[in-house]
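What follows is one structure encoded as structure tokens, with my remarks underneath.
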Amino acid sequence: MHWYIKCIKNYANFDGRAQRKEYWFFTLINMAILLFLWGVTKSNTLPSLYTVFILVPAIAVSWRRLHDTNKSGLFYFINFIPVVGNIIVIVFMCIKGTEGDNMYGEDPLLVQHTVL
């Protein structure tokens, strides 16, 4: 839950880097919340509102995750290429980040994180 809250608090920050753990825990909790909302309401209203709420933080953490792999955040837009684009972006999200500092900031694995 720490990673999810961190992404929500850092919702509009497109600078810096996000490690794999931050991205994947945010995505996992996000999907769990969406499934729960859909299961409870049996309609699309509440899940749709949640999706609108979470859209900017989701894009921001994806953007920072791409920075961690030393790629521009603009690679996020590859998602709009049907089928192949999604696969490419998922592969980018899975690969290990650049060790040490890169042009987008310090290595998030070496930076001391404060616990919320």
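Following the order of the structure tokens, first chain is A, next is B, and so on, with residues numbered from 1 inside each chain and ligands from 1 in the order they appear.
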
Subject >> Near-A:Lys9 list (12 Å; only C-alpha atoms; drop same-chain fewer than 2 positions) as number ranges by chain >> reply: A: 2-7, 11-13, 54, 56-58, 60-61, 116

Save out the residues we just selected, C-alpha atoms, as a compact mmCIF listing (two decimals), in the first residue's frame.
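Wrote it out as out02.txt, contents follow:
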```
# COMPACT_ATOMS: atom_id res chain seq x y z
CA HIS A 2 3.02 2.25 0.60
CA TRP A 3 3.81 2.38 -3.12
CA TYR A 4 0.21 3.14 -4.08
CA ILE A 5 0.00 6.04 -1.62
CA LYS A 6 3.41 7.31 -2.76
CA CYS A 7 2.17 7.44 -6.36
CA TYR A 11 0.45 12.29 -8.74
CA ALA A 12 1.60 14.95 -11.17
CA ASN A 13 5.36 14.48 -10.99
CA ILE A 54 -6.34 7.62 -11.10
CA VAL A 56 -2.87 11.19 -14.09
CA PRO A 57 -1.05 9.29 -11.31
CA ALA A 58 -0.97 6.15 -13.51
CA ALA A 60 3.00 9.83 -14.17
CA VAL A 61 4.33 6.61 -12.60
CA LEU A 116 4.90 7.14 5.00
```

Original post:
If you run DSSP on this backbone, which residues of chain A come out as alpha helix (DSSP H), and could you give them as number ranges by chain?
Top reply: A: 2-9, 20-41, 45-68, 84-94

Subject >> Test item: residues at most 7 Å from stretch 92-102 of chain A, only C-alpha atoms, excluding those fewer than 6 positions along its chain, as a ChimeraX atom specification >> reply: /A:19-20,65-66,68-70

Selection: 10 Å around A:Pro47, only C-alpha atoms, excl. self and same-chain fewer than 5 positions, as a PDB file with N, CA and C atoms, in the first residue's frame:
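Below is the file that was written, result_26.pdb:
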```pdb
ATOM      1  N   ILE A  33      -8.385  -2.584  -6.758  1.00  0.00           N
ATOM      2  CA  ILE A  33      -9.430  -1.619  -6.426  1.00  0.00           C
ATOM      3  C   ILE A  33     -10.479  -1.582  -7.531  1.00  0.00           C
ATOM      4  N   LEU A  34     -10.037  -1.573  -8.776  1.00  0.00           N
ATOM      5  CA  LEU A  34     -10.996  -1.558  -9.893  1.00  0.00           C
ATOM      6  C   LEU A  34     -11.878  -2.803  -9.898  1.00  0.00           C
ATOM      7  N   LEU A  35     -11.291  -3.971  -9.678  1.00  0.00           N
ATOM      8  CA  LEU A  35     -12.079  -5.207  -9.632  1.00  0.00           C
ATOM      9  C   LEU A  35     -13.056  -5.197  -8.462  1.00  0.00           C
ATOM     10  N   PHE A  36     -12.606  -4.696  -7.319  1.00  0.00           N
ATOM     11  CA  PHE A  36     -13.487  -4.593  -6.158  1.00  0.00           C
ATOM     12  C   PHE A  36     -14.662  -3.664  -6.448  1.00  0.00           C
ATOM     13  N   LEU A  37     -14.382  -2.495  -7.009  1.00  0.00           N
ATOM     14  CA  LEU A  37     -15.451  -1.532  -7.315  1.00  0.00           C
ATOM     15  C   LEU A  37     -16.440  -2.105  -8.317  1.00  0.00           C
ATOM     16  N   TRP A  38     -15.932  -2.781  -9.312  1.00  0.00           N
ATOM     17  CA  TRP A  38     -16.821  -3.379 -10.303  1.00  0.00           C
ATOM     18  C   TRP A  38     -17.658  -4.491  -9.672  1.00  0.00           C
ATOM     19  N   GLY A  39     -17.044  -5.296  -8.824  1.00  0.00           N
ATOM     20  CA  GLY A  39     -17.759  -6.393  -8.181  1.00  0.00           C
ATOM     21  C   GLY A  39     -18.821  -5.921  -7.213  1.00  0.00           C
ATOM     22  N   VAL A  40     -18.554  -4.828  -6.506  1.00  0.00           N
ATOM     23  CA  VAL A  40     -19.503  -4.306  -5.525  1.00  0.00           C
ATOM     24  C   VAL A  40     -20.678  -3.621  -6.215  1.00  0.00           C
ATOM     25  N   THR A  41     -20.406  -2.842  -7.245  1.00  0.00           N
ATOM     26  CA  THR A  41     -21.468  -2.039  -7.864  1.00  0.00           C
ATOM     27  C   THR A  41     -22.166  -2.736  -9.015  1.00  0.00           C
ATOM     28  N   LYS A  42     -21.500  -3.690  -9.652  1.00  0.00           N
ATOM     29  CA  LYS A  42     -22.047  -4.374 -10.839  1.00  0.00           C
ATOM     30  C   LYS A  42     -22.430  -3.401 -11.950  1.00  0.00           C
ATOM     31  N   VAL A  52     -10.981   7.835 -13.870  1.00  0.00           N
ATOM     32  CA  VAL A  52     -10.703   9.248 -14.152  1.00  0.00           C
ATOM     33  C   VAL A  52      -9.815   9.827 -13.047  1.00  0.00           C
ATOM     34  N   PHE A  53     -10.110   9.460 -11.794  1.00  0.00           N
ATOM     35  CA  PHE A  53      -9.326   9.940 -10.650  1.00  0.00           C
ATOM     36  C   PHE A  53      -7.875   9.473 -10.729  1.00  0.00           C
TER      37      PHE A  53
END
```

**OP:** Between atom CA of A:Val89 and atom CA of A:Phe75, measure the distance and give it in Å to one decimal.
**Re:**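 If I compute the distance from atom CA of A:Val89 to atom CA of A:Phe75, I get 7.7 Å.
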